[in-house]
Each structure stands twice: as C-alpha cells, then as structure tokens.
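Here is the structure we will look at, set down as structure tokens.
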Amino acid sequence: MQLDLNLLSAFDALLEEGSVAGAAARLHVTAPAMSRSLGRIRRTTGDQILVRTGRTMTPTPYAIAVREQVHELLHQVQGVLAPSRELDLATLERTFTLRWHDSLVALCGPALLSAVRGQAPGVRLRFLAEASIDTPELRRGEVDLEANATRPSAPDIRAESVGETRLVVVMRQGHPLARGRTVTAEQYAAAEHVTVSRRGNLSDAVDDALAQLGLTRRVVAAAPTEAAALEFLRGSDLLICVPEATTRSAVTDLALAVLPVPLELPSAPVYLSWHQRYDTDQAHVWLRGLARTVLAECTASSS
C-alpha cells in the first residue's frame, strides 16, 4: 500500500477542527481540496471519519479511537523529516494548546499572546480550563504546556519552577479586619472563609497550619476558580487565602483589601510542564522560552 503522508496532516486537521472548512483553513488549502482529502481518507480507512449531524460534523467511533494515534504519528513524522530545519517564526503556522491555572491565564495569558503575535503572527494559542481530576493530555501530546502549582511526578514529564508568589488574605475594603495592617491567627480563624478548589475541597493547607496552633476555621463555601471565589467577598465578611500575584487587578476592580497571612505557609510555586517528546521541538522550545519569561515576570513583580 502506498500512503500519502499529506493525508496524515489532513486527517489530523479534520479530527482537530471537526469540519472540512476548519481543516482547510488550518492547512491553508481550499475547502474542495480538503473535501477530496477526506474522500481519500474514507476510501483508505473504509470509514466515514466525519458524518453530518444537523449543521455540524461528528467524528465516528473509529475516528475518535484513532485520534490520539494520528496526532502522535504526525508529530513523529514531522520530527523525522525535519529534525534540524531552521525555525522561521515569521512563517510558522501552528496551534499550541495550553492548560494553565485560571488565574495564570488571566494574569499572564495576555502578555504571552502579545509576545507570540509579535514574533509569530501565524501561531494560535488554545487555553484550556483545568479539569477537576488529573488528566493524561500532556502525556498524549494533546496539551503542549501546563502551568500551575503542581509539580508532575511522571518521569516522562519535564517540569521547571518559573516563579512563586506569597499567599495573602483578601477581604472587602469595609471588612472589620481591614482597618488594621495585620490580622492575628486567632482573628483569622474566627472569621468565615471561602476556599478555591476545582475539586470542591472545603479544606486545604491553611487548615493544617491552623491545626498546629490549636485553631480551626469555618469554611462556608468552595469555589472552582479564584475569580469566582473573590466575588463572594463583595457584600460579605468572608475571607479568602490566595496567591498575591493573581489578585492585583481584582483588588482594584472589586474594591478588596489585602493583608499578610498570619500563618507559616510556603509561597505558592508556579511550575511549567511539558512532555519530553517536545524537548528538541524548536517551535516548542521557543514557546517555552516566552512562557517562562512571562510567568516569571508576572509572579516576581509582586513577590
């Protein structure tokens, strides 16, 4: 069987975009040309790949089953055929998928996008929300970069610390505790609190630190994101403990006050993680460098 490797690129684009028009735009070919490629893929595989459901196209069970394998094969072929090609950012056409903590997307995402567009206008960034459970997308090559406070333990995942920021107590400006510049551990424990947890946890490291002092606090709610949690503070006397770097814009926009945490808590780290398959991928190396710089600057400015 003679296979056209261009079909692999078309196959990957069709599965990624879910439409002929989207795949054609991604590969910079005409829609009729992509339709012909889809026809050849269908004849080669004996499967419809994409079927129309109303106004949209839906992947078949076979397409869903081989999606990861096709994506991985394409990256392998690209690495074999162009291992030392000079990277031309001006003509680079690529979509990177990033799974970052929501607060880091809000804090650092605009700066990263600006830097990317300034150097490689053909590059697109897809920021995905973090899942409530650990997911294997990084290992499967479906996510290019992760950025959060967790250092991965898998041996095939690279991770480096790119910054850290201290934890602070946030409250509304009219809160009784906001009158002073500090708050005691006892005052902190006596208040009511909101935690930030994508898993819905009502306790965290703060409770462990309070327990060492013989104190407990009452957590009345858990919010999945910092942005949502901060909204609970408006019009209430609730407190939240979050990384200081991620609260800067919200403090002004939501009229909030910030005080030091009266507990011995380590700073919140920021790790940048990727799969080892991308170690020598020049475009990935370039993006990692930009992300590393942006994340370090965003967190260092408030440490």
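In the structure tokens, the first chain shown is A, the next is B, and so on; residue numbers restart at 1 for each chain, and ligands run from 1 in the order shown.
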
Enumerate, as a PyMOL selection string, the complete set of residues in segment 13-224 of chain A that a backbone-based DSSP assignment places in alpha helix (DSSP H). chain A and resi 13-17+20-27+31-45+61-81+102-119+137-140+185-190+205-212

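Contact shell of segment 111-123 of chain A at 10 Å (only C-alpha atoms; same-chain neighbours under 3 positions omitted): A:Asp88, A:Leu89, A:Ala90, A:Thr91, A:Leu92, A:Glu93, A:Arg94, A:Thr95, A:Phe96, A:Val105, A:Ala106, A:Leu107, A:Cys108, A:Ala283, A:Trp286, A:Leu287, A:Leu290, A:Ala291, A:Arg292, A:Thr293, A:Val294, A:Leu295, A:Glu297, A:Cys298.
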
Hey, can you spit out that residue selection with N, CA and C atoms as a JSON list (two decimals), in the first residue's frame?
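Output file part-v9.json is given in full below:
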[["chain", "number", "residue", "atom", "x", "y", "z"],
["A", 88, "ASP", "N", 11.53, 29.39, 11.33],
["A", 88, "ASP", "CA", 11.18, 30.70, 10.76],
["A", 88, "ASP", "C", 9.89, 31.16, 11.41],
["A", 89, "LEU", "N", 10.02, 32.01, 12.42],
["A", 89, "LEU", "CA", 8.84, 32.44, 13.17],
["A", 89, "LEU", "C", 7.88, 33.24, 12.32],
["A", 90, "ALA", "N", 8.39, 33.96, 11.34],
["A", 90, "ALA", "CA", 7.54, 34.80, 10.51],
["A", 90, "ALA", "C", 6.55, 33.97, 9.69],
["A", 91, "THR", "N", 6.93, 32.72, 9.37],
["A", 91, "THR", "CA", 6.06, 31.87, 8.55],
["A", 91, "THR", "C", 5.50, 30.69, 9.32],
["A", 92, "LEU", "N", 5.82, 30.59, 10.61],
["A", 92, "LEU", "CA", 5.37, 29.46, 11.41],
["A", 92, "LEU", "C", 3.85, 29.45, 11.54],
["A", 93, "GLU", "N", 3.24, 28.33, 11.19],
["A", 93, "GLU", "CA", 1.79, 28.14, 11.32],
["A", 93, "GLU", "C", 1.58, 26.95, 12.26],
["A", 94, "ARG", "N", 1.11, 27.23, 13.47],
["A", 94, "ARG", "CA", 0.95, 26.14, 14.43],
["A", 94, "ARG", "C", -0.01, 26.58, 15.53],
["A", 95, "THR", "N", -0.73, 25.63, 16.05],
["A", 95, "THR", "CA", -1.64, 25.89, 17.18],
["A", 95, "THR", "C", -1.11, 25.17, 18.41],
["A", 96, "PHE", "N", -0.87, 25.91, 19.47],
["A", 96, "PHE", "CA", -0.40, 25.33, 20.72],
["A", 96, "PHE", "C", -1.56, 25.30, 21.72],
["A", 105, "VAL", "N", -3.89, 32.25, 33.56],
["A", 105, "VAL", "CA", -4.37, 32.66, 32.23],
["A", 105, "VAL", "C", -4.74, 34.14, 32.27],
["A", 106, "ALA", "N", -5.49, 34.54, 33.30],
["A", 106, "ALA", "CA", -5.92, 35.93, 33.41],
["A", 106, "ALA", "C", -4.73, 36.86, 33.64],
["A", 107, "LEU", "N", -3.78, 36.42, 34.44],
["A", 107, "LEU", "CA", -2.65, 37.28, 34.82],
["A", 107, "LEU", "C", -1.59, 37.36, 33.73],
["A", 108, "CYS", "N", -1.26, 36.22, 33.13],
["A", 108, "CYS", "CA", -0.12, 36.16, 32.21],
["A", 108, "CYS", "C", -0.50, 35.86, 30.76],
["A", 283, "ALA", "N", 9.97, 24.91, 17.70],
["A", 283, "ALA", "CA", 8.85, 25.81, 17.95],
["A", 283, "ALA", "C", 8.40, 25.73, 19.39],
["A", 286, "TRP", "N", 10.86, 27.51, 21.60],
["A", 286, "TRP", "CA", 10.61, 28.96, 21.50],
["A", 286, "TRP", "C", 9.44, 29.38, 22.37],
["A", 287, "LEU", "N", 8.32, 28.65, 22.30],
["A", 287, "LEU", "CA", 7.15, 29.00, 23.10],
["A", 287, "LEU", "C", 7.44, 28.85, 24.58],
["A", 290, "LEU", "N", 9.21, 31.91, 25.87],
["A", 290, "LEU", "CA", 8.32, 33.05, 26.07],
["A", 290, "LEU", "C", 7.47, 32.85, 27.32],
["A", 291, "ALA", "N", 6.92, 31.64, 27.47],
["A", 291, "ALA", "CA", 6.06, 31.35, 28.63],
["A", 291, "ALA", "C", 6.85, 31.48, 29.92],
["A", 292, "ARG", "N", 8.07, 30.97, 29.92],
["A", 292, "ARG", "CA", 8.93, 31.04, 31.10],
["A", 292, "ARG", "C", 9.16, 32.49, 31.52],
["A", 293, "THR", "N", 9.46, 33.33, 30.54],
["A", 293, "THR", "CA", 9.72, 34.74, 30.82],
["A", 293, "THR", "C", 8.48, 35.45, 31.34],
["A", 294, "VAL", "N", 7.36, 35.23, 30.68],
["A", 294, "VAL", "CA", 6.11, 35.89, 31.07],
["A", 294, "VAL", "C", 5.67, 35.47, 32.46],
["A", 295, "LEU", "N", 5.72, 34.18, 32.74],
["A", 295, "LEU", "CA", 5.29, 33.70, 34.05],
["A", 295, "LEU", "C", 6.20, 34.21, 35.15],
["A", 297, "GLU", "N", 7.97, 37.00, 35.13],
["A", 297, "GLU", "CA", 7.75, 38.44, 35.32],
["A", 297, "GLU", "C", 6.44, 38.72, 36.05],
["A", 298, "CYS", "N", 5.41, 37.98, 35.71],
["A", 298, "CYS", "CA", 4.10, 38.21, 36.34],
["A", 298, "CYS", "C", 4.13, 37.91, 37.83]]

Contacts of Asn148 of chain A within 8 Å, only C-alpha atoms, excl. fewer than 4 positions in-chain, as a ChimeraX atom specification: /A:100-101,104,269-272

Expected file: the selected residues, N, CA, C and O atoms, as a PDB file, in the first residue's frame:
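Okay, this is what ended up in result30.pdb:
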ATOM      1  N   TRP A 100      -3.501  25.962  31.668  1.00  0.00           N
ATOM      2  CA  TRP A 100      -2.939  26.761  32.765  1.00  0.00           C
ATOM      3  C   TRP A 100      -4.000  26.977  33.839  1.00  0.00           C
ATOM      4  O   TRP A 100      -5.207  26.973  33.557  1.00  0.00           O
ATOM      5  N   HIS A 101      -3.524  27.185  35.053  1.00  0.00           N
ATOM      6  CA  HIS A 101      -4.432  27.572  36.133  1.00  0.00           C
ATOM      7  C   HIS A 101      -5.172  28.834  35.704  1.00  0.00           C
ATOM      8  O   HIS A 101      -4.591  29.726  35.071  1.00  0.00           O
ATOM      9  N   LEU A 104      -3.590  32.154  36.290  1.00  0.00           N
ATOM     10  CA  LEU A 104      -2.404  32.421  35.480  1.00  0.00           C
ATOM     11  C   LEU A 104      -2.788  32.811  34.056  1.00  0.00           C
ATOM     12  O   LEU A 104      -2.095  33.621  33.424  1.00  0.00           O
ATOM     13  N   PRO A 269       4.143  28.005  44.476  1.00  0.00           N
ATOM     14  CA  PRO A 269       5.053  27.893  43.337  1.00  0.00           C
ATOM     15  C   PRO A 269       4.292  27.913  42.020  1.00  0.00           C
ATOM     16  O   PRO A 269       3.078  27.702  41.980  1.00  0.00           O
ATOM     17  N   VAL A 270       5.019  28.186  40.949  1.00  0.00           N
ATOM     18  CA  VAL A 270       4.468  28.099  39.595  1.00  0.00           C
ATOM     19  C   VAL A 270       5.392  27.203  38.795  1.00  0.00           C
ATOM     20  O   VAL A 270       6.581  27.502  38.636  1.00  0.00           O
ATOM     21  N   TYR A 271       4.852  26.091  38.304  1.00  0.00           N
ATOM     22  CA  TYR A 271       5.632  25.140  37.505  1.00  0.00           C
ATOM     23  C   TYR A 271       5.158  25.175  36.054  1.00  0.00           C
ATOM     24  O   TYR A 271       3.952  25.238  35.782  1.00  0.00           O
ATOM     25  N   LEU A 272       6.121  25.129  35.150  1.00  0.00           N
ATOM     26  CA  LEU A 272       5.842  24.994  33.729  1.00  0.00           C
ATOM     27  C   LEU A 272       6.192  23.561  33.345  1.00  0.00           C
ATOM     28  O   LEU A 272       7.307  23.102  33.592  1.00  0.00           O
TER      29      LEU A 272
END

Tell me, as a PyMOL selection string, which residues lie within 7 Å of Thr60 of chain A, counting only C-alpha atoms; anything in the same chain fewer than 6 positions away does not count. chain A and resi 48-51

Dump N, CA and C atoms for the selected residues as an mmCIF file, in the first residue's frame?
data_model
loop_
_atom_site.group_PDB
_atom_site.id
_atom_site.type_symbol
_atom_site.label_atom_id
_atom_site.label_comp_id
_atom_site.auth_asym_id
_atom_site.auth_seq_id
_atom_site.Cartn_x
_atom_site.Cartn_y
_atom_site.Cartn_z
ATOM 1 N N GLN A 48 -16.261 6.519 7.451
ATOM 2 C CA GLN A 48 -16.713 7.852 7.065
ATOM 3 C C GLN A 48 -15.935 8.976 7.763
ATOM 4 N N ILE A 49 -15.303 8.690 8.888
ATOM 5 C CA ILE A 49 -14.471 9.641 9.649
ATOM 6 C C ILE A 49 -15.315 10.755 10.266
ATOM 7 N N LEU A 50 -15.953 11.575 9.437
ATOM 8 C CA LEU A 50 -16.841 12.637 9.916
ATOM 9 C C LEU A 50 -18.194 12.473 9.237
ATOM 10 N N VAL A 51 -19.249 12.532 10.016
ATOM 11 C CA VAL A 51 -20.600 12.430 9.473
ATOM 12 C C VAL A 51 -21.396 13.654 9.892
#

Might you pull out every residue within 7 Å of segment 1-15 of chain A, with only C-alpha atoms counted and same-chain residues fewer than 2 positions away left off, and present them as a PyMOL selection string? chain A and resi 17-20+23+26+37+41+67+70-71+74

Selected residues written out with N, CA and C atoms, as an mmCIF file, in the first residue's frame:
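The result, stored in selection21.cif:
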data_model
loop_
_atom_site.group_PDB
_atom_site.id
_atom_site.type_symbol
_atom_site.label_atom_id
_atom_site.label_comp_id
_atom_site.auth_asym_id
_atom_site.auth_seq_id
_atom_site.Cartn_x
_atom_site.Cartn_y
_atom_site.Cartn_z
ATOM 1 N N GLU A 17 -10.237 19.973 14.015
ATOM 2 C CA GLU A 17 -11.173 21.065 13.740
ATOM 3 C C GLU A 17 -12.618 20.594 13.687
ATOM 4 N N GLY A 18 -12.842 19.328 13.312
ATOM 5 C CA GLY A 18 -14.201 18.801 13.252
ATOM 6 C C GLY A 18 -15.017 19.292 12.082
ATOM 7 N N SER A 19 -14.349 19.861 11.072
ATOM 8 C CA SER A 19 -15.067 20.322 9.888
ATOM 9 C C SER A 19 -14.097 20.432 8.725
ATOM 10 N N VAL A 20 -14.627 20.327 7.513
ATOM 11 C CA VAL A 20 -13.799 20.459 6.319
ATOM 12 C C VAL A 20 -13.281 21.893 6.200
ATOM 13 N N ALA A 23 -10.530 22.569 8.826
ATOM 14 C CA ALA A 23 -9.289 21.879 8.489
ATOM 15 C C ALA A 23 -8.604 22.542 7.300
ATOM 16 N N ARG A 26 -6.912 25.660 8.484
ATOM 17 C CA ARG A 26 -5.742 25.346 9.302
ATOM 18 C C ARG A 26 -4.540 24.980 8.439
ATOM 19 N N SER A 37 -9.410 15.292 0.070
ATOM 20 C CA SER A 37 -8.564 14.557 1.015
ATOM 21 C C SER A 37 -9.418 13.697 1.941
ATOM 22 N N ILE A 41 -9.234 9.684 2.456
ATOM 23 C CA ILE A 41 -9.093 9.070 3.786
ATOM 24 C C ILE A 41 -10.206 8.052 4.009
ATOM 25 N N ARG A 67 -7.759 9.070 16.993
ATOM 26 C CA ARG A 67 -7.368 10.478 17.016
ATOM 27 C C ARG A 67 -6.005 10.693 17.660
ATOM 28 N N VAL A 70 -3.143 9.225 15.472
ATOM 29 C CA VAL A 70 -2.872 10.041 14.296
ATOM 30 C C VAL A 70 -2.062 11.272 14.681
ATOM 31 N N HIS A 71 -2.447 11.924 15.782
ATOM 32 C CA HIS A 71 -1.747 13.119 16.241
ATOM 33 C C HIS A 71 -0.296 12.791 16.581
ATOM 34 N N LEU A 74 1.787 12.021 13.406
ATOM 35 C CA LEU A 74 2.116 13.233 12.668
ATOM 36 C C LEU A 74 3.318 13.933 13.285
#

Could you give me the residues within segment 115-260 of chain A that DSSP places in strand (DSSP E), as a PDB file with N, CA and C atoms, in the first residue's frame?
ATOM      1  N   VAL A 123       0.900  31.852  14.644  1.00  0.00           N
ATOM      2  CA  VAL A 123       0.724  30.915  15.754  1.00  0.00           C
ATOM      3  C   VAL A 123      -0.545  31.257  16.525  1.00  0.00           C
ATOM      4  N   ARG A 124      -1.307  30.212  16.886  1.00  0.00           N
ATOM      5  CA  ARG A 124      -2.517  30.390  17.683  1.00  0.00           C
ATOM      6  C   ARG A 124      -2.356  29.670  19.019  1.00  0.00           C
ATOM      7  N   LEU A 125      -2.962  30.230  20.054  1.00  0.00           N
ATOM      8  CA  LEU A 125      -2.911  29.645  21.397  1.00  0.00           C
ATOM      9  C   LEU A 125      -4.316  29.223  21.809  1.00  0.00           C
ATOM     10  N   ARG A 126      -4.415  27.979  22.306  1.00  0.00           N
ATOM     11  CA  ARG A 126      -5.684  27.471  22.845  1.00  0.00           C
ATOM     12  C   ARG A 126      -5.495  27.257  24.340  1.00  0.00           C
ATOM     13  N   PHE A 127      -6.116  28.088  25.163  1.00  0.00           N
ATOM     14  CA  PHE A 127      -6.047  27.918  26.616  1.00  0.00           C
ATOM     15  C   PHE A 127      -7.233  27.070  27.060  1.00  0.00           C
ATOM     16  N   LEU A 128      -6.949  25.966  27.729  1.00  0.00           N
ATOM     17  CA  LEU A 128      -7.990  25.078  28.227  1.00  0.00           C
ATOM     18  C   LEU A 128      -8.146  25.239  29.735  1.00  0.00           C
ATOM     19  N   LEU A 145       1.677  22.696  26.938  1.00  0.00           N
ATOM     20  CA  LEU A 145       2.271  23.265  28.151  1.00  0.00           C
ATOM     21  C   LEU A 145       1.228  23.355  29.257  1.00  0.00           C
ATOM     22  N   GLU A 146       1.645  22.992  30.449  1.00  0.00           N
ATOM     23  CA  GLU A 146       0.816  23.219  31.626  1.00  0.00           C
ATOM     24  C   GLU A 146       1.535  24.215  32.538  1.00  0.00           C
ATOM     25  N   ALA A 147       0.765  24.999  33.259  1.00  0.00           N
ATOM     26  CA  ALA A 147       1.322  25.939  34.232  1.00  0.00           C
ATOM     27  C   ALA A 147       0.392  25.990  35.429  1.00  0.00           C
ATOM     28  N   ASN A 148       0.895  25.554  36.569  1.00  0.00           N
ATOM     29  CA  ASN A 148       0.104  25.557  37.794  1.00  0.00           C
ATOM     30  C   ASN A 148       1.041  25.365  38.984  1.00  0.00           C
ATOM     31  N   ILE A 157       7.541  13.533  32.066  1.00  0.00           N
ATOM     32  CA  ILE A 157       7.070  14.916  32.059  1.00  0.00           C
ATOM     33  C   ILE A 157       8.163  15.822  32.609  1.00  0.00           C
ATOM     34  N   ARG A 158       8.557  16.806  31.821  1.00  0.00           N
ATOM     35  CA  ARG A 158       9.531  17.800  32.273  1.00  0.00           C
ATOM     36  C   ARG A 158       8.803  18.889  33.058  1.00  0.00           C
ATOM     37  N   ALA A 159       9.447  19.406  34.065  1.00  0.00           N
ATOM     38  CA  ALA A 159       8.852  20.484  34.857  1.00  0.00           C
ATOM     39  C   ALA A 159       9.949  21.370  35.408  1.00  0.00           C
ATOM     40  N   GLU A 160       9.715  22.650  35.394  1.00  0.00           N
ATOM     41  CA  GLU A 160      10.668  23.574  35.989  1.00  0.00           C
ATOM     42  C   GLU A 160       9.922  24.672  36.733  1.00  0.00           C
ATOM     43  N   SER A 161      10.514  25.102  37.821  1.00  0.00           N
ATOM     44  CA  SER A 161       9.925  26.176  38.601  1.00  0.00           C
ATOM     45  C   SER A 161      10.244  27.503  37.919  1.00  0.00           C
ATOM     46  N   VAL A 162       9.205  28.267  37.609  1.00  0.00           N
ATOM     47  CA  VAL A 162       9.415  29.529  36.898  1.00  0.00           C
ATOM     48  C   VAL A 162       9.046  30.741  37.754  1.00  0.00           C
ATOM     49  N   GLY A 163       8.613  30.501  38.975  1.00  0.00           N
ATOM     50  CA  GLY A 163       8.274  31.623  39.842  1.00  0.00           C
ATOM     51  C   GLY A 163       7.525  31.167  41.071  1.00  0.00           C
ATOM     52  N   GLU A 164       7.275  32.096  41.938  1.00  0.00           N
ATOM     53  CA  GLU A 164       6.478  31.837  43.137  1.00  0.00           C
ATOM     54  C   GLU A 164       5.910  33.144  43.643  1.00  0.00           C
ATOM     55  N   THR A 165       4.864  33.057  44.418  1.00  0.00           N
ATOM     56  CA  THR A 165       4.238  34.249  44.969  1.00  0.00           C
ATOM     57  C   THR A 165       3.702  33.932  46.355  1.00  0.00           C
ATOM     58  N   LEU A 167       1.295  33.937  49.707  1.00  0.00           N
ATOM     59  CA  LEU A 167      -0.140  33.863  49.939  1.00  0.00           C
ATOM     60  C   LEU A 167      -0.578  35.045  50.795  1.00  0.00           C
ATOM     61  N   VAL A 168      -1.756  35.555  50.513  1.00  0.00           N
ATOM     62  CA  VAL A 168      -2.290  36.693  51.261  1.00  0.00           C
ATOM     63  C   VAL A 168      -3.746  36.431  51.621  1.00  0.00           C
ATOM     64  N   VAL A 169      -4.244  37.219  52.575  1.00  0.00           N
ATOM     65  CA  VAL A 169      -5.658  37.174  52.954  1.00  0.00           C
ATOM     66  C   VAL A 169      -6.363  38.321  52.244  1.00  0.00           C
ATOM     67  N   VAL A 170      -7.463  38.004  51.589  1.00  0.00           N
ATOM     68  CA  VAL A 170      -8.212  39.020  50.840  1.00  0.00           C
ATOM     69  C   VAL A 170      -9.605  39.148  51.438  1.00  0.00           C
ATOM     70  N   MET A 171     -10.095  40.388  51.511  1.00  0.00           N
ATOM     71  CA  MET A 171     -11.419  40.692  52.078  1.00  0.00           C
ATOM     72  C   MET A 171     -11.928  41.975  51.445  1.00  0.00           C
ATOM     73  N   ARG A 172     -13.196  42.288  51.679  1.00  0.00           N
ATOM     74  CA  ARG A 172     -13.712  43.560  51.171  1.00  0.00           C
ATOM     75  C   ARG A 172     -13.089  44.698  51.962  1.00  0.00           C
ATOM     76  N   GLU A 192     -15.210  33.677  58.819  1.00  0.00           N
ATOM     77  CA  GLU A 192     -15.702  32.645  57.909  1.00  0.00           C
ATOM     78  C   GLU A 192     -14.986  32.766  56.571  1.00  0.00           C
ATOM     79  N   HIS A 193     -14.824  31.620  55.895  1.00  0.00           N
ATOM     80  CA  HIS A 193     -13.911  31.568  54.761  1.00  0.00           C
ATOM     81  C   HIS A 193     -14.513  30.903  53.533  1.00  0.00           C
ATOM     82  N   VAL A 194     -13.878  31.207  52.387  1.00  0.00           N
ATOM     83  CA  VAL A 194     -14.156  30.538  51.113  1.00  0.00           C
ATOM     84  C   VAL A 194     -12.843  29.944  50.622  1.00  0.00           C
ATOM     85  N   THR A 195     -12.867  28.688  50.184  1.00  0.00           N
ATOM     86  CA  THR A 195     -11.678  28.069  49.610  1.00  0.00           C
ATOM     87  C   THR A 195     -11.775  28.066  48.084  1.00  0.00           C
ATOM     88  N   VAL A 196     -10.634  27.934  47.448  1.00  0.00           N
ATOM     89  CA  VAL A 196     -10.581  27.806  45.994  1.00  0.00           C
ATOM     90  C   VAL A 196     -10.139  26.384  45.685  1.00  0.00           C
ATOM     91  N   ARG A 218     -14.021  28.117  60.000  1.00  0.00           N
ATOM     92  CA  ARG A 218     -15.259  27.666  59.371  1.00  0.00           C
ATOM     93  C   ARG A 218     -15.242  28.068  57.901  1.00  0.00           C
ATOM     94  N   VAL A 219     -15.220  27.076  57.045  1.00  0.00           N
ATOM     95  CA  VAL A 219     -15.288  27.305  55.598  1.00  0.00           C
ATOM     96  C   VAL A 219     -16.735  27.117  55.159  1.00  0.00           C
ATOM     97  N   VAL A 220     -17.320  28.158  54.605  1.00  0.00           N
ATOM     98  CA  VAL A 220     -18.746  28.099  54.258  1.00  0.00           C
ATOM     99  C   VAL A 220     -18.992  27.782  52.789  1.00  0.00           C
ATOM    100  N   ALA A 221     -17.932  27.864  51.960  1.00  0.00           N
ATOM    101  CA  ALA A 221     -18.120  27.579  50.529  1.00  0.00           C
ATOM    102  C   ALA A 221     -16.783  27.264  49.876  1.00  0.00           C
ATOM    103  N   ALA A 222     -16.845  26.502  48.786  1.00  0.00           N
ATOM    104  CA  ALA A 222     -15.681  26.244  47.941  1.00  0.00           C
ATOM    105  C   ALA A 222     -16.036  26.679  46.531  1.00  0.00           C
ATOM    106  N   ALA A 223     -15.157  27.454  45.903  1.00  0.00           N
ATOM    107  CA  ALA A 223     -15.381  27.932  44.536  1.00  0.00           C
ATOM    108  C   ALA A 223     -14.348  27.298  43.611  1.00  0.00           C
ATOM    109  N   ILE A 240     -10.637  35.009  52.025  1.00  0.00           N
ATOM    110  CA  ILE A 240     -10.069  34.030  51.119  1.00  0.00           C
ATOM    111  C   ILE A 240      -8.553  34.147  51.167  1.00  0.00           C
ATOM    112  N   CYS A 241      -7.882  33.020  51.103  1.00  0.00           N
ATOM    113  CA  CYS A 241      -6.418  32.979  51.104  1.00  0.00           C
ATOM    114  C   CYS A 241      -5.968  32.536  49.713  1.00  0.00           C
ATOM    115  N   VAL A 242      -5.281  33.418  48.992  1.00  0.00           N
ATOM    116  CA  VAL A 242      -4.891  33.137  47.605  1.00  0.00           C
ATOM    117  C   VAL A 242      -3.505  33.714  47.332  1.00  0.00           C
ATOM    118  N   PRO A 243      -2.849  33.296  46.240  1.00  0.00           N
ATOM    119  CA  PRO A 243      -1.558  33.885  45.858  1.00  0.00           C
ATOM    120  C   PRO A 243      -1.698  35.372  45.569  1.00  0.00           C
ATOM    121  N   LEU A 256     -11.239  45.456  47.037  1.00  0.00           N
ATOM    122  CA  LEU A 256     -10.844  44.491  48.051  1.00  0.00           C
ATOM    123  C   LEU A 256      -9.609  44.969  48.794  1.00  0.00           C
ATOM    124  N   ALA A 257      -9.407  44.409  49.975  1.00  0.00           N
ATOM    125  CA  ALA A 257      -8.233  44.707  50.791  1.00  0.00           C
ATOM    126  C   ALA A 257      -7.395  43.445  50.933  1.00  0.00           C
ATOM    127  N   VAL A 258      -6.071  43.630  51.071  1.00  0.00           N
ATOM    128  CA  VAL A 258      -5.137  42.503  51.166  1.00  0.00           C
ATOM    129  C   VAL A 258      -4.283  42.661  52.414  1.00  0.00           C
ATOM    130  N   LEU A 259      -4.173  41.574  53.191  1.00  0.00           N
ATOM    131  CA  LEU A 259      -3.345  41.565  54.395  1.00  0.00           C
ATOM    132  C   LEU A 259      -2.455  40.324  54.386  1.00  0.00           C
ATOM    133  N   PRO A 260      -1.325  40.363  55.083  1.00  0.00           N
ATOM    134  CA  PRO A 260      -0.458  39.175  55.161  1.00  0.00           C
ATOM    135  C   PRO A 260      -1.166  38.027  55.877  1.00  0.00           C
TER     136      PRO A 260
END

Per residue of segment 235-288 of chain A within 10 Å of segment 184-188 of chain A, note the shortest atom pair and the distance in Å to one decimal, counting only C-alpha atoms, and order the rows by chain and increasing residue number, as CSV.
residue,atom,partner,partner_atom,distance
A:Leu239,CA,A:Tyr188,CA,8.3
A:Pro260,CA,A:Thr184,CA,9.6
A:Val261,CA,A:Ala185,CA,8.2
A:Pro262,CA,A:Ala185,CA,5.2
A:Leu263,CA,A:Ala185,CA,6.6

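Here atom CA of Thr56 of chain A and atom CA of Ser35 of chain A stand 15.0 Å from one another.
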
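Proximity of A:Ala33, A:Leu238, A:Ala131, A:Val143 to His175 of chain A, computed with only C-alpha atoms, is greatest for A:Leu238.
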
Distance in Å - atom CA of Ala129 of chain A versus atom CA of Tyr62 of chain A: 26.7 Å

All residues 8 Å or closer to Glu142 of chain A, only C-alpha atoms, same chain fewer than 5 positions away omitted, as a VMD selection string: chain A and resid 68 97 137

Since we have the selection now, will you write its residues out, keeping all heavy atoms, as a PDB file, in the first residue's frame?
ATOM      1  N   GLU A  68      -5.783  10.112  18.824  1.00  0.00           N
ATOM      2  CA  GLU A  68      -4.516  10.306  19.522  1.00  0.00           C
ATOM      3  C   GLU A  68      -3.357   9.700  18.732  1.00  0.00           C
ATOM      4  O   GLU A  68      -2.266  10.287  18.643  1.00  0.00           O
ATOM      5  CB  GLU A  68      -4.575   9.668  20.917  1.00  0.00           C
ATOM      6  CG  GLU A  68      -5.647  10.275  21.809  1.00  0.00           C
ATOM      7  CD  GLU A  68      -5.890   9.434  23.045  1.00  0.00           C
ATOM      8  OE1 GLU A  68      -5.056   8.554  23.329  1.00  0.00           O
ATOM      9  OE2 GLU A  68      -6.912   9.655  23.709  1.00  0.00           O
ATOM     10  N   THR A  97      -1.638  24.209  22.442  1.00  0.00           N
ATOM     11  CA  THR A  97      -2.683  24.043  23.453  1.00  0.00           C
ATOM     12  C   THR A  97      -2.055  24.139  24.834  1.00  0.00           C
ATOM     13  O   THR A  97      -1.113  23.414  25.145  1.00  0.00           O
ATOM     14  CB  THR A  97      -3.390  22.689  23.288  1.00  0.00           C
ATOM     15  OG1 THR A  97      -3.960  22.622  21.980  1.00  0.00           O
ATOM     16  CG2 THR A  97      -4.484  22.523  24.325  1.00  0.00           C
ATOM     17  N   GLU A 137      -3.658  14.338  29.100  1.00  0.00           N
ATOM     18  CA  GLU A 137      -3.471  15.028  27.835  1.00  0.00           C
ATOM     19  C   GLU A 137      -2.027  15.457  27.584  1.00  0.00           C
ATOM     20  O   GLU A 137      -1.566  15.474  26.451  1.00  0.00           O
ATOM     21  CB  GLU A 137      -4.386  16.261  27.751  1.00  0.00           C
ATOM     22  CG  GLU A 137      -5.834  15.946  27.416  1.00  0.00           C
ATOM     23  CD  GLU A 137      -6.657  15.698  28.660  1.00  0.00           C
ATOM     24  OE1 GLU A 137      -6.057  15.504  29.737  1.00  0.00           O
ATOM     25  OE2 GLU A 137      -7.908  15.692  28.575  1.00  0.00           O
TER      26      GLU A 137
END

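You will find atom CA of Gln76 of chain A at 10.8 Å from atom CA of Asp281 of chain A.
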